[in-house]
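Notes follow once the structure below has been shown.
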Amino acid sequence: MAEHRSDVEAVDALALAYRNLKAEIGKIIVGQDEVVRAVIISLFSNGHSLLVGVPGLAKTLLVSTIAEVLDLDFKRIQFTPDLMPTDITGSEILGEDRHFKFNRGPLFANIVLADEINRTPPKTQAALLEAMQERSVTVSGVRHELPAPFFVLATQNPIEQEGTYPLPEAQLDRFMFNIPLTYPSYEEEIAVVKTTTGQERKQLKNILSAIEIIQFQQLVRKIPIADNVLEYAVQLATRTRPGTPQATSEVNEYISWGAGPRASQYLVLGAKCHAAISGKYSPDKEDVQAIANYVLRHRIVRNYKAEAEGISEEDIISHLM
């Protein structure tokens, strides 16, 4: 990565890198602009993302395409009901010299695609989520550091689908963003079918290296934020907590559990990155609002009354904003 004379120049380089990434990904992924933007923001913010949608919406293709345009080591783990924790973290094996040595699992990569994470039992889910939090795994009492950058993109089928194990709220909280995928529009589906049923195979270029991504992650943290914007982000998170002085009447009525302090941290980091890729040098309240749904939707738990009346998480977040 070229040395920049100032942080302003570095932010300009980040905005340019985002545009280049988006253009390159767009060669394969038709539409889904909001999804692509959210995934790139979480990458530059050093957070993990959960992609939620029914089968067939190109969740896996999106992740593999992102890995291809980034010069990073990529591994895909297909989660199944019989997958064991050691299948993803690695295990110790007895070598020819009669000594045990650690055989690394697929978690040892820069980008890990955890495909259909809610189809595997909680014990294996917990092994992945521990690695996400600690950026390391412990096998036989020995701690093994994961490579940097380390970025988990997990896909999840809606919990109404058969054979799923819903992630507990404490484990969902490890993900910076919860990104929903919807069906493409009619025009987008026409374009998808045209590009996927022909012979042409588009070649993708590497846009960023591991060192450049780490430097951009450090840059995002250096971006200044005004006190009133930071306070707005924290207020947005604290107002989701029922029974507290900050909670609104709607929150007290429809929410059984609100977002924790990690939501406030991710709202600020996400707003900083959103501002940078938008060509701004400091975030404002609109940047917080732009990423609020991704940060909060999986951190608030609706009660039975909200479900009975058809009040969604997005409805409540929109009301708070």
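Labels used: A, B, ... for chains in the order of the structure tokens, numbers from 1 for residues in each chain, and numbers from 1 for ligands as shown.
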Would you write out, as CSV, a table of all residues in region 170-197 of chain A that have an atom no more than 7 Å from an atom of region 14-35 of chain A, listing for each the closest atom pair and the distance in Å to one decimal, considering only C-alpha atoms and ordering rows by chain and rising residue number?
```
residue,atom,partner,partner_atom,distance
A:Ile179,CA,A:Val35,CA,6.6
A:Glu188,CA,A:Gly31,CA,6.3
A:Val192,CA,A:Val30,CA,6.2
```
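The residues of region 42-90 of chain A that DSSP classifies as strand (DSSP E), using the backbone of this structure, are Ser49, Leu50, Leu51, Val52, Leu70, Asp71, Phe74, Lys75, Arg76, Ile77, Gln78 and Gly90 of chain A.
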Closest of A:Gln289, A:Gln265, A:Thr80, A:Thr120 to Met176 (chain A) - atom-to-atom distances counting only C-alpha atoms: A:Gln265
For CA of Asn46 (chain A) and CA of Met321 (chain A), determine how far apart the two atoms are, in Å to one decimal place. 25.2 Å
For CA of Asn118 (chain A) and CA of Glu68 (chain A), quote the distance in Å rounded to one decimal. 25.0 Å
DSSP on the backbone: what in region 86-309 of chain A comes out alpha helix (DSSP H), as a count of residues only? 97
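Separating CA of Pro147 (chain A) from CA of Ala114 (chain A) is a distance of 16.6 Å.
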From A:Asp284, A:Glu212, A:Asp87, A:Glu92, residue lying nearest Lys123 (chain A) [only C-alpha atoms]: A:Asp87
Near region 99-108 of chain A, counting only C-alpha atoms, which residues have an atom at most 8 Å away, once you skip same-chain residues fewer than 5 positions from it, shown as a ChimeraX atom specification? /A:75-77,86-94,128,146-147
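Of the listed residues A:Thr65, A:Ser140, A:Ser264, A:Ser282, the one whose atoms come nearest to Tyr232 (chain A) is A:Ser264, with distances taken using only C-alpha atoms.
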